[in-house]
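Next comes input_20.pdb, a file with PDB, C-alpha atoms.
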MODEL        1
ATOM      1  CA  MET A1188     -59.633 -61.949 110.924
ATOM      2  CA  ASN A1189     -56.471 -63.966 111.506
ATOM      3  CA  GLN A1190     -53.607 -61.692 110.436
ATOM      4  CA  ASN A1191     -51.332 -64.706 109.929
ATOM      5  CA  VAL A1192     -53.485 -66.141 107.111
ATOM      6  CA  SER A1193     -52.678 -64.792 103.637
ATOM      7  CA  PRO A1194     -55.603 -64.111 101.288
ATOM      8  CA  PRO A1195     -55.980 -66.547  98.389
ATOM      9  CA  THR A1196     -54.167 -65.590  95.178
ATOM     10  CA  ALA A1197     -54.964 -66.105  91.519
ATOM     11  CA  GLY A1198     -52.280 -68.780  91.502
ATOM     12  CA  ASP A1199     -54.054 -70.622  94.313
ATOM     13  CA  ALA A1200     -57.333 -70.524  92.396
ATOM     14  CA  TRP A1201     -55.639 -71.728  89.201
ATOM     15  CA  SER A1202     -53.986 -74.613  91.012
ATOM     16  CA  ARG A1203     -57.202 -75.590  92.761
ATOM     17  CA  VAL A1204     -59.274 -75.612  89.559
ATOM     18  CA  SER A1205     -56.462 -77.256  87.608
ATOM     19  CA  GLU A1206     -56.428 -80.132  90.071
ATOM     20  CA  ARG A1207     -60.169 -80.581  89.643
ATOM     21  CA  VAL A1208     -59.841 -80.607  85.838
ATOM     22  CA  ALA A1209     -56.938 -83.043  86.035
ATOM     23  CA  GLY A1210     -59.137 -85.384  88.047
ATOM     24  CA  GLN A1211     -61.796 -85.513  85.356
ATOM     25  CA  HIS A1212     -62.190 -88.452  82.969
ATOM     26  CA  TRP A1213     -59.509 -88.495  80.247
ATOM     27  CA  PRO A1214     -60.207 -91.679  78.250
ATOM     28  CA  ALA A1215     -57.503 -93.255  76.104
ATOM     29  CA  SER A1216     -58.022 -94.210  72.435
ATOM     30  CA  THR A1217     -59.742 -90.853  72.028
ATOM     31  CA  LEU A1218     -59.403 -87.915  69.653
ATOM     32  CA  TYR A1219     -59.601 -84.581  71.487
ATOM     33  CA  VAL A1220     -60.630 -81.780  69.119
ATOM     34  CA  VAL A1221     -59.194 -78.697  70.821
ATOM     35  CA  ALA A1222     -60.008 -75.055  70.120
ATOM     36  CA  THR A1223     -56.994 -72.736  70.423
ATOM     37  CA  PRO A1224     -56.643 -68.916  70.672
ATOM     38  CA  ILE A1225     -57.498 -66.803  67.616
ATOM     39  CA  GLY A1226     -54.916 -64.179  68.558
ATOM     40  CA  ASN A1227     -54.685 -63.771  72.317
ATOM     41  CA  LEU A1228     -52.497 -66.331  74.104
ATOM     42  CA  GLY A1229     -54.537 -65.853  77.270
ATOM     43  CA  ASP A1230     -57.620 -67.388  75.682
ATOM     44  CA  LEU A1231     -56.416 -70.998  75.848
ATOM     45  CA  GLY A1232     -58.817 -72.816  78.158
ATOM     46  CA  LEU A1233     -57.647 -74.769  81.195
ATOM     47  CA  ARG A1234     -59.283 -77.971  79.920
ATOM     48  CA  ALA A1235     -57.676 -77.417  76.508
ATOM     49  CA  TRP A1236     -54.288 -77.035  78.183
ATOM     50  CA  HIS A1237     -54.753 -80.320  80.037
ATOM     51  CA  ALA A1238     -55.862 -82.078  76.851
ATOM     52  CA  LEU A1239     -52.749 -80.882  75.015
ATOM     53  CA  GLN A1240     -50.521 -81.881  77.936
ATOM     54  CA  ARG A1241     -52.033 -85.350  78.256
ATOM     55  CA  ALA A1242     -52.045 -86.180  74.535
ATOM     56  CA  ASP A1243     -49.447 -88.590  73.184
ATOM     57  CA  VAL A1244     -49.321 -86.508  70.012
ATOM     58  CA  ILE A1245     -50.893 -83.301  68.705
ATOM     59  CA  ALA A1246     -52.096 -83.282  65.093
ATOM     60  CA  ALA A1247     -51.681 -79.698  63.887
ATOM     61  CA  GLU A1248     -52.606 -77.774  60.750
ATOM     62  CA  ASP A1249     -49.238 -75.976  60.911
ATOM     63  CA  THR A1250     -46.738 -77.531  63.294
ATOM     64  CA  ARG A1251     -44.556 -74.394  63.438
ATOM     65  CA  ALA A1252     -47.461 -72.119  64.353
ATOM     66  CA  SER A1253     -48.740 -74.572  66.944
ATOM     67  CA  ARG A1254     -45.288 -75.038  68.469
ATOM     68  CA  THR A1255     -45.173 -71.299  69.223
ATOM     69  CA  LEU A1256     -48.422 -71.578  71.194
ATOM     70  CA  LEU A1257     -47.363 -74.781  72.931
ATOM     71  CA  ASP A1258     -43.989 -73.344  73.949
ATOM     72  CA  ALA A1259     -45.717 -70.301  75.441
ATOM     73  CA  TRP A1260     -47.860 -72.621  77.590
ATOM     74  CA  GLY A1261     -45.070 -75.053  78.444
ATOM     75  CA  VAL A1262     -46.528 -77.970  76.475
ATOM     76  CA  SER A1263     -43.857 -80.323  75.125
ATOM     77  CA  THR A1264     -46.146 -82.899  73.468
ATOM     78  CA  PRO A1265     -44.833 -84.069  70.053
ATOM     79  CA  LEU A1266     -46.490 -82.732  66.910
ATOM     80  CA  MET A1267     -47.580 -84.318  63.644
ATOM     81  CA  ALA A1268     -48.953 -82.571  60.545
ATOM     82  CA  ALA A1269     -52.667 -82.779  59.712
ATOM     83  CA  HIS A1270     -53.609 -80.223  57.070
ATOM     84  CA  ARG A1271     -55.887 -80.145  54.044
ATOM     85  CA  HIS A1272     -53.205 -81.580  51.755
ATOM     86  CA  ASN A1273     -52.485 -84.691  53.827
ATOM     87  CA  GLU A1274     -55.720 -85.076  55.782
ATOM     88  CA  ALA A1275     -56.567 -88.554  54.494
ATOM     89  CA  ALA A1276     -53.138 -89.948  55.382
ATOM     90  CA  ALA A1277     -53.159 -88.122  58.709
ATOM     91  CA  ALA A1278     -56.570 -89.576  59.551
ATOM     92  CA  GLN A1279     -55.267 -93.105  58.929
ATOM     93  CA  ALA A1280     -52.172 -92.459  61.058
ATOM     94  CA  ILE A1281     -54.317 -91.066  63.872
ATOM     95  CA  CYS A1282     -56.603 -94.100  63.807
ATOM     96  CA  GLU A1283     -53.539 -96.344  64.071
ATOM     97  CA  ARG A1284     -52.408 -94.444  67.160
ATOM     98  CA  LEU A1285     -55.854 -94.678  68.711
ATOM     99  CA  ALA A1286     -55.780 -98.446  68.123
ATOM    100  CA  LEU A1287     -52.682 -98.527  70.331
ATOM    101  CA  GLY A1288     -54.562 -96.799  73.130
ATOM    102  CA  GLN A1289     -53.067 -93.365  72.631
ATOM    103  CA  ARG A1290     -54.721 -89.977  73.121
ATOM    104  CA  VAL A1291     -54.509 -87.643  70.111
ATOM    105  CA  ALA A1292     -55.276 -83.910  70.189
ATOM    106  CA  LEU A1293     -56.335 -82.163  66.979
ATOM    107  CA  VAL A1294     -55.733 -78.416  66.556
ATOM    108  CA  SER A1295     -55.859 -75.886  63.736
ATOM    109  CA  ASP A1296     -53.820 -72.692  63.416
ATOM    110  CA  ALA A1297     -56.433 -70.771  65.405
ATOM    111  CA  GLY A1298     -59.953 -71.321  66.682
ATOM    112  CA  ALA A1299     -62.027 -74.471  66.308
ATOM    113  CA  PRO A1300     -60.719 -77.331  64.124
ATOM    114  CA  ALA A1301     -63.153 -78.655  61.497
ATOM    115  CA  VAL A1302     -65.053 -75.327  61.421
ATOM    116  CA  SER A1303     -63.877 -73.475  58.294
ATOM    117  CA  ASP A1304     -60.540 -75.174  59.009
ATOM    118  CA  PRO A1305     -59.077 -78.628  58.327
ATOM    119  CA  GLY A1306     -60.062 -81.436  60.667
ATOM    120  CA  ALA A1307     -63.549 -82.581  59.672
ATOM    121  CA  ARG A1308     -62.181 -85.431  57.561
ATOM    122  CA  VAL A1309     -60.085 -86.648  60.505
ATOM    123  CA  VAL A1310     -63.095 -86.477  62.821
ATOM    124  CA  ARG A1311     -65.275 -88.437  60.388
ATOM    125  CA  ALA A1312     -62.603 -91.110  59.903
ATOM    126  CA  VAL A1313     -62.084 -91.522  63.645
ATOM    127  CA  ARG A1314     -65.815 -91.804  64.303
ATOM    128  CA  ALA A1315     -66.231 -94.269  61.436
ATOM    129  CA  ALA A1316     -63.467 -96.410  62.926
ATOM    130  CA  GLY A1317     -65.392 -96.582  66.188
ATOM    131  CA  TYR A1318     -63.177 -94.389  68.362
ATOM    132  CA  ALA A1319     -64.398 -91.622  70.654
ATOM    133  CA  VAL A1320     -64.194 -87.940  69.698
ATOM    134  CA  VAL A1321     -64.238 -85.367  72.491
ATOM    135  CA  PRO A1322     -64.640 -81.685  71.506
ATOM    136  CA  VAL A1323     -62.882 -79.222  73.814
ATOM    137  CA  PRO A1324     -64.565 -75.894  72.960
ATOM    138  CA  GLY A1325     -62.961 -72.499  73.224
ATOM    139  CA  PRO A1326     -62.125 -69.419  71.125
ATOM    140  CA  SER A1327     -64.145 -68.797  67.951
ATOM    141  CA  ALA A1328     -63.937 -65.805  65.628
ATOM    142  CA  VAL A1329     -67.581 -66.335  64.627
ATOM    143  CA  ILE A1330     -68.884 -66.279  68.186
ATOM    144  CA  ALA A1331     -66.568 -63.427  69.194
ATOM    145  CA  ALA A1332     -67.866 -61.274  66.325
ATOM    146  CA  LEU A1333     -71.487 -62.053  67.192
ATOM    147  CA  MET A1334     -70.841 -61.236  70.853
ATOM    148  CA  GLY A1335     -69.284 -57.893  69.958
ATOM    149  CA  SER A1336     -71.890 -56.862  67.392
ATOM    150  CA  GLY A1337     -75.155 -57.369  69.260
ATOM    151  CA  VAL A1338     -76.732 -58.433  65.976
ATOM    152  CA  THR A1339     -78.752 -61.327  67.430
ATOM    153  CA  THR A1340     -81.351 -61.245  70.205
ATOM    154  CA  ASP A1341     -82.886 -63.640  72.713
ATOM    155  CA  GLU A1342     -86.087 -63.545  70.677
ATOM    156  CA  ASN A1343     -84.287 -64.198  67.384
ATOM    157  CA  PRO A1344     -80.891 -65.843  67.988
ATOM    158  CA  ALA A1345     -80.584 -67.206  64.442
ATOM    159  CA  TYR A1346     -77.526 -66.525  62.287
ATOM    160  CA  ALA A1347     -75.782 -68.198  59.345
ATOM    161  CA  PHE A1348     -72.058 -68.840  59.003
ATOM    162  CA  ALA A1349     -70.934 -68.737  55.381
ATOM    163  CA  GLY A1350     -67.138 -69.033  55.697
ATOM    164  CA  PHE A1351     -64.909 -67.373  53.088
ATOM    165  CA  ALA A1352     -66.443 -65.719  50.011
ATOM    166  CA  PRO A1353     -65.252 -66.914  46.582
ATOM    167  CA  SER A1354     -62.263 -65.052  45.188
ATOM    168  CA  LYS A1355     -63.687 -64.448  41.680
ATOM    169  CA  ALA A1356     -66.040 -61.479  41.326
ATOM    170  CA  VAL A1357     -68.861 -63.198  39.401
ATOM    171  CA  ALA A1358     -68.891 -66.239  41.683
ATOM    172  CA  ARG A1359     -68.669 -63.996  44.739
ATOM    173  CA  GLN A1360     -71.697 -61.919  43.733
ATOM    174  CA  ARG A1361     -73.745 -65.062  43.050
ATOM    175  CA  TRP A1362     -72.652 -66.489  46.404
ATOM    176  CA  LEU A1363     -73.509 -63.266  48.231
ATOM    177  CA  ARG A1364     -76.992 -63.146  46.666
ATOM    178  CA  GLN A1365     -77.710 -66.628  47.961
ATOM    179  CA  TRP A1366     -76.461 -66.034  51.481
ATOM    180  CA  CYS A1367     -77.728 -62.480  51.937
ATOM    181  CA  ALA A1368     -81.258 -63.504  50.941
ATOM    182  CA  LEU A1369     -81.555 -65.442  54.209
ATOM    183  CA  PRO A1370     -83.771 -63.851  56.893
ATOM    184  CA  ALA A1371     -80.911 -63.824  59.430
ATOM    185  CA  PRO A1372     -77.505 -62.184  59.959
ATOM    186  CA  VAL A1373     -74.796 -63.784  57.827
ATOM    187  CA  VAL A1374     -71.266 -64.164  59.201
ATOM    188  CA  MET A1375     -68.372 -64.518  56.772
ATOM    189  CA  PHE A1376     -64.580 -64.316  56.743
ATOM    190  CA  GLU A1377     -62.544 -62.134  54.408
ATOM    191  CA  SER A1378     -58.877 -61.431  53.772
ATOM    192  CA  PRO A1379     -57.476 -57.863  53.715
ATOM    193  CA  HIS A1380     -56.566 -57.883  50.023
ATOM    194  CA  ARG A1381     -60.155 -58.773  48.998
ATOM    195  CA  LEU A1382     -61.994 -56.729  51.606
ATOM    196  CA  ALA A1383     -62.716 -53.674  49.420
ATOM    197  CA  ALA A1384     -63.973 -55.812  46.526
ATOM    198  CA  THR A1385     -66.265 -57.834  48.783
ATOM    199  CA  VAL A1386     -67.701 -54.702  50.408
ATOM    200  CA  ALA A1387     -68.350 -53.245  46.929
ATOM    201  CA  ASP A1388     -70.126 -56.449  45.903
ATOM    202  CA  LEU A1389     -72.186 -56.409  49.094
ATOM    203  CA  LEU A1390     -73.289 -52.880  48.268
ATOM    204  CA  GLU A1391     -74.300 -54.026  44.793
ATOM    205  CA  VAL A1392     -76.168 -57.075  46.089
ATOM    206  CA  CYS A1393     -77.753 -55.699  49.268
ATOM    207  CA  GLY A1394     -78.110 -51.971  48.687
ATOM    208  CA  PRO A1395     -76.878 -48.933  50.631
ATOM    209  CA  GLU A1396     -79.272 -49.222  53.590
ATOM    210  CA  ARG A1397     -78.298 -52.750  54.684
ATOM    211  CA  GLU A1398     -76.084 -52.732  57.761
ATOM    212  CA  LEU A1399     -72.640 -54.342  57.913
ATOM    213  CA  THR A1400     -70.525 -55.092  60.970
ATOM    214  CA  VAL A1401     -66.776 -55.263  60.398
ATOM    215  CA  ALA A1402     -64.860 -57.063  63.155
ATOM    216  CA  ARG A1403     -61.093 -56.729  62.759
ATOM    217  CA  GLU A1404     -58.198 -58.337  64.648
ATOM    218  CA  LEU A1405     -60.484 -59.970  67.204
ATOM    219  CA  THR A1406     -58.924 -60.572  70.658
ATOM    220  CA  LYS A1407     -55.744 -58.765  69.595
ATOM    221  CA  ARG A1408     -54.346 -55.384  70.645
ATOM    222  CA  PHE A1409     -55.867 -53.449  67.745
ATOM    223  CA  GLU A1410     -59.263 -55.130  67.817
ATOM    224  CA  GLU A1411     -62.006 -53.015  66.255
ATOM    225  CA  ILE A1412     -65.711 -53.694  65.733
ATOM    226  CA  GLY A1413     -67.743 -51.194  63.731
ATOM    227  CA  THR A1414     -71.262 -51.221  62.282
ATOM    228  CA  VAL A1415     -72.153 -49.031  59.303
ATOM    229  CA  LYS A1416     -74.621 -48.950  56.442
ATOM    230  CA  LEU A1417     -73.215 -50.503  53.294
ATOM    231  CA  GLY A1418     -73.563 -47.160  51.525
ATOM    232  CA  ASP A1419     -71.060 -45.722  54.032
ATOM    233  CA  ALA A1420     -68.804 -48.766  54.410
ATOM    234  CA  ALA A1421     -66.168 -47.822  51.827
ATOM    235  CA  ALA A1422     -65.763 -44.350  53.338
ATOM    236  CA  TRP A1423     -65.588 -45.837  56.842
ATOM    237  CA  LEU A1424     -62.797 -48.192  55.800
ATOM    238  CA  ALA A1425     -60.915 -45.417  53.977
ATOM    239  CA  ALA A1426     -61.096 -43.108  57.002
ATOM    240  CA  ASP A1427     -58.376 -45.126  58.766
ATOM    241  CA  ALA A1428     -55.631 -46.987  56.904
ATOM    242  CA  HIS A1429     -55.493 -49.604  59.673
ATOM    243  CA  ARG A1430     -59.078 -50.656  58.935
ATOM    244  CA  GLU A1431     -57.985 -52.611  55.878
ATOM    245  CA  GLN A1432     -55.283 -54.516  57.770
ATOM    246  CA  GLY A1433     -55.519 -57.744  59.727
ATOM    247  CA  GLU A1434     -58.039 -60.561  59.761
ATOM    248  CA  PHE A1435     -61.717 -59.820  59.212
ATOM    249  CA  VAL A1436     -65.094 -61.182  60.184
ATOM    250  CA  LEU A1437     -68.000 -59.542  58.346
ATOM    251  CA  ILE A1438     -71.599 -59.717  59.514
ATOM    252  CA  VAL A1439     -74.299 -58.736  57.033
ATOM    253  CA  HIS A1440     -77.304 -57.809  59.137
ATOM    254  CA  ALA A1441     -80.693 -59.274  58.349
ATOM    255  CA  GLU A1442     -82.645 -57.332  55.759
ATOM    256  CA  VAL A1443     -85.253 -54.937  57.113
ATOM    257  CA  ASP A1444     -88.370 -54.751  54.963
ATOM    258  CA  LEU A1445     -88.882 -51.224  53.679
ATOM    259  CA  PRO A1446     -92.455 -49.978  53.338
ATOM    260  CA  GLU A1447     -93.557 -49.110  49.859
ATOM    261  CA  SER A1448     -94.693 -45.584  49.139
ATOM    262  CA  ASP A1449     -98.434 -44.938  49.397
ATOM    263  CA  ASP A1450     -98.489 -43.734  45.811
ATOM    264  CA  ALA A1451     -96.681 -46.781  44.406
ATOM    265  CA  ASP A1452     -97.562 -47.390  40.796
ATOM    266  CA  PRO A1453     -97.329 -50.696  38.870
ATOM    267  CA  ALA A1454     -95.730 -48.644  36.113
ATOM    268  CA  HIS A1455     -92.671 -48.317  38.351
ATOM    269  CA  ASP A1456     -92.161 -52.072  38.137
ATOM    270  CA  VAL A1457     -92.332 -51.901  34.353
ATOM    271  CA  LEU A1458     -89.702 -49.170  34.420
ATOM    272  CA  LEU A1459     -87.477 -51.128  36.801
ATOM    273  CA  ASP A1460     -87.754 -54.295  34.706
ATOM    274  CA  ALA A1461     -86.666 -52.372  31.623
ATOM    275  CA  LEU A1462     -83.741 -50.752  33.427
ATOM    276  CA  LEU A1463     -82.618 -54.064  34.937
ATOM    277  CA  GLU A1464     -82.091 -55.482  31.457
ATOM    278  CA  SER A1465     -78.970 -53.353  31.096
ATOM    279  CA  LEU A1466     -78.231 -51.801  34.510
ATOM    280  CA  SER A1467     -77.291 -53.059  37.953
ATOM    281  CA  VAL A1468     -79.878 -53.008  40.736
ATOM    282  CA  ARG A1469     -78.254 -49.956  42.269
ATOM    283  CA  ASP A1470     -78.128 -47.992  39.008
ATOM    284  CA  ALA A1471     -81.661 -49.033  38.058
ATOM    285  CA  ALA A1472     -82.948 -47.728  41.404
ATOM    286  CA  ARG A1473     -81.001 -44.487  40.979
ATOM    287  CA  VAL A1474     -82.394 -43.819  37.500
ATOM    288  CA  ALA A1475     -85.929 -44.827  38.506
ATOM    289  CA  ALA A1476     -85.777 -42.469  41.489
ATOM    290  CA  LYS A1477     -84.914 -39.551  39.200
ATOM    291  CA  VAL A1478     -87.695 -40.434  36.776
ATOM    292  CA  THR A1479     -90.454 -41.147  39.318
ATOM    293  CA  GLY A1480     -89.492 -39.030  42.305
ATOM    294  CA  GLN A1481     -89.850 -42.074  44.582
ATOM    295  CA  PRO A1482     -87.337 -42.707  47.413
ATOM    296  CA  ARG A1483     -84.274 -44.498  46.097
ATOM    297  CA  ASP A1484     -84.155 -47.012  48.971
ATOM    298  CA  VAL A1485     -87.766 -48.063  48.323
ATOM    299  CA  LEU A1486     -87.084 -48.491  44.612
ATOM    300  CA  TYR A1487     -83.865 -50.353  45.352
ATOM    301  CA  ASN A1488     -85.773 -52.807  47.527
ATOM    302  CA  ARG A1489     -88.347 -53.356  44.785
ATOM    303  CA  ALA A1490     -85.678 -53.688  42.093
ATOM    304  CA  LEU A1491     -83.772 -56.214  44.188
ATOM    305  CA  THR A1492     -86.918 -58.267  44.696
ATOM    306  CA  ARG A1493     -87.687 -58.261  40.990
ATOM    307  CA  LYS A1494     -84.093 -59.127  40.096
ATOM    308  CA  LYS A1495     -84.178 -62.146  42.423
ATOM    309  CA  ALA A1496     -87.504 -63.237  40.897
ATOM    310  CA  GLN A1497     -86.012 -63.026  37.394
ATOM    311  CA  GLU A1498     -83.042 -65.152  38.391
TER     312      GLU A1498
ENDMDL
END

Would you mind writing the file out in C-alpha cells?
Amino acid sequence: MNQNVSPPTAGDAWSRVSERVAGQHWPASTLYVVATPIGNLGDLGLRAWHALQRADVIAAEDTRASRTLLDAWGVSTPLMAAHRHNEAAAAQAICERLALGQRVALVSDAGAPAVSDPGARVVRAVRAAGYAVVPVPGPSAVIAALMGSGVTTDENPAYAFAGFAPSKAVARQRWLRQWCALPAPVVMFESPHRLAATVADLLEVCGPERELTVARELTKRFEEIGTVKLGDAAAWLAADAHREQGEFVLIVHAEVDLPESDDADPAHDVLLDALLESLSVRDAARVAAKVTGQPRDVLYNRALTRKKAQE
C-alpha cells in the first residue's frame, strides 16, 4: 500500500455524493415537497438539503422553526409562510412564483408536509395549475414508529394511519371504535396532556388484552419505544414520570381473535346484552365473569362484538 496516499474520509464521501446529487435534474417552475427532521438535525437528507439550497423561496409552516433548521445546515434561502390559516393565499402566491420559473420548496415544522400537516392544499393547487410537484422523502414519525415496533410483517405489511384523535371524550371513543375495528395496526398521534385520557379510552374500547406500542420522542436523546397490554398501559406510563412527556406516536396492534370457551352458553349473550344496557363493555365483562365463571377476556371479546353489532 502506498504510504503517501491518505485513506478516504467521511468528508470525501459526502463531497463525492453531493456532487452527484447536484448534477441531477432540478427543473424550474417546480414545487419541491421536502421532508425535514422530526427531532434529530442529522436526519436531513442530502437531496433535501440541495432542494432547500436551490429553491428561490421556502414555504414553511412556521418560518421561525424552519429558520433554526436552515441556519444549522447553512441554508440562507428566503422564507415565506404557508400554514393552515393562510394556505389558500400561500398556494396562489406559490403558483405565481412558479409561473415566473422559480423553484419553491415546501416544508412543515417536522416530517413530511401534507401528511397530518399543512401542505396538501398547496400541492393540489400547484398540480391543478399544471406545474410539477416533486416529493423529496425523508423523516417520518409514522414510519419511524413502525420500524421500531416490529408490529408489521413481510406477510402482512398493512397498517392504518389515523392522525390525531379528537379532543372531546365522546367523539374520541367513537373515533377509536371505528379505527380500532380495522384488521390491521393503527398508528395515531397524541399530545402529552391528552395521553392518559386516550389510553383510558383505548382500554375501554379495545379491552385489557389488546397490545399498545408507545413511541416517545422519536429520533431524540430520550427516545423510548415500549409495547404493553392496554390493561397494563396506565401503570407502565406511571412508572416513569418522563413517559408522559414529549411527543407521542401510539400504535394499537391488530386484534387477536380469542377462542371461545368450550362450554360457551347462549345464555351468556343474553346476560351480556342486559348488562350492556347500563354498563361499559369492560364492566359488563367483569360482572359476567363473576356470574358465569368464564374467563374475563373471552367475555370481553364477546361483549365487544355484541356492542359493535348493536351500534

Rounded to one decimal place, report the CA of Gly1226 (chain A)-CA of Pro1324 (chain A) distance in Å.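 These two atoms are separated by 15.8 Å.
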
Of A:Val1485, A:Ala1269, A:Val1439, A:Ile1330, the one nearest to Ala1420 (chain A) when counting all atoms listed in the file is A:Val1439

Quick one: residues within 9 Å of Ala1402 (chain A), all atoms listed in the file, excluding same-chain residues fewer than 6 positions away - as an mmCIF file with C-alpha atoms, keeping the file's coordinate frame?
data_model
loop_
_atom_site.group_PDB
_atom_site.id
_atom_site.type_symbol
_atom_site.label_atom_id
_atom_site.label_comp_id
_atom_site.auth_asym_id
_atom_site.auth_seq_id
_atom_site.Cartn_x
_atom_site.Cartn_y
_atom_site.Cartn_z
ATOM 1 C CA ALA A 1331 -66.568 -63.427 69.194
ATOM 2 C CA ALA A 1332 -67.866 -61.274 66.325
ATOM 3 C CA GLY A 1335 -69.284 -57.893 69.958
ATOM 4 C CA SER A 1336 -71.890 -56.862 67.392
ATOM 5 C CA GLU A 1410 -59.263 -55.130 67.817
ATOM 6 C CA GLU A 1411 -62.006 -53.015 66.255
ATOM 7 C CA ILE A 1412 -65.711 -53.694 65.733
ATOM 8 C CA GLY A 1413 -67.743 -51.194 63.731
ATOM 9 C CA THR A 1414 -71.262 -51.221 62.282
ATOM 10 C CA GLU A 1434 -58.039 -60.561 59.761
ATOM 11 C CA PHE A 1435 -61.717 -59.820 59.212
ATOM 12 C CA VAL A 1436 -65.094 -61.182 60.184
ATOM 13 C CA LEU A 1437 -68.000 -59.542 58.346
ATOM 14 C CA ILE A 1438 -71.599 -59.717 59.514
#

Got a sec to resolve the PyMOL selection byres ((chain A and resi 1304) around 12) on this structure and send the residues as a ChimeraX atom specification? /A:1222,1247-1249,1269-1271,1274,1293-1303,1305-1309,1327-1328,1350-1351,1376

List the residues selected by the PyMOL selection byres ((chain A and resi 1217) around 12) in the file shown, writing them as number ranges by chain. A: 1212-1216, 1218-1220, 1238, 1241-1244, 1281-1293, 1310, 1313-1314, 1316-1322

Sel. within 8 Å of pt (-50.9, -78.0, 74.5), counting only C-alpha atoms, output as a list in words: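 Those within range, by chain then number, are Ala1235, Trp1236, His1237, Ala1238, Leu1239, Gln1240, Ile1245, Leu1256, Leu1257, Trp1260, Gly1261, Val1262, Ser1263 and Thr1264 of chain A.
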
Kindly give the distance, in Å, that separates CA of Leu1231 (chain A) and CA of Gly1325 (chain A), rounded to a single decimal.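 Interatomic distance, CA of Leu1231 (chain A) to CA of Gly1325 (chain A): 7.2 Å.
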
To one decimal place, how far is CA of Tyr1346 (chain A) from CA of Val1329 (chain A) in Å?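 Atom-to-atom, CA of Tyr1346 (chain A) to CA of Val1329 (chain A), that is 10.2 Å.
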
May I ask which of the residues A:Ala1312, A:Leu1417, A:Ala1471, A:Val1221 is the closest one to His1440 (chain A), counting all atoms listed in the file?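 Residue with the minimum atom-to-atom distance to His1440 (chain A): A:Leu1417.
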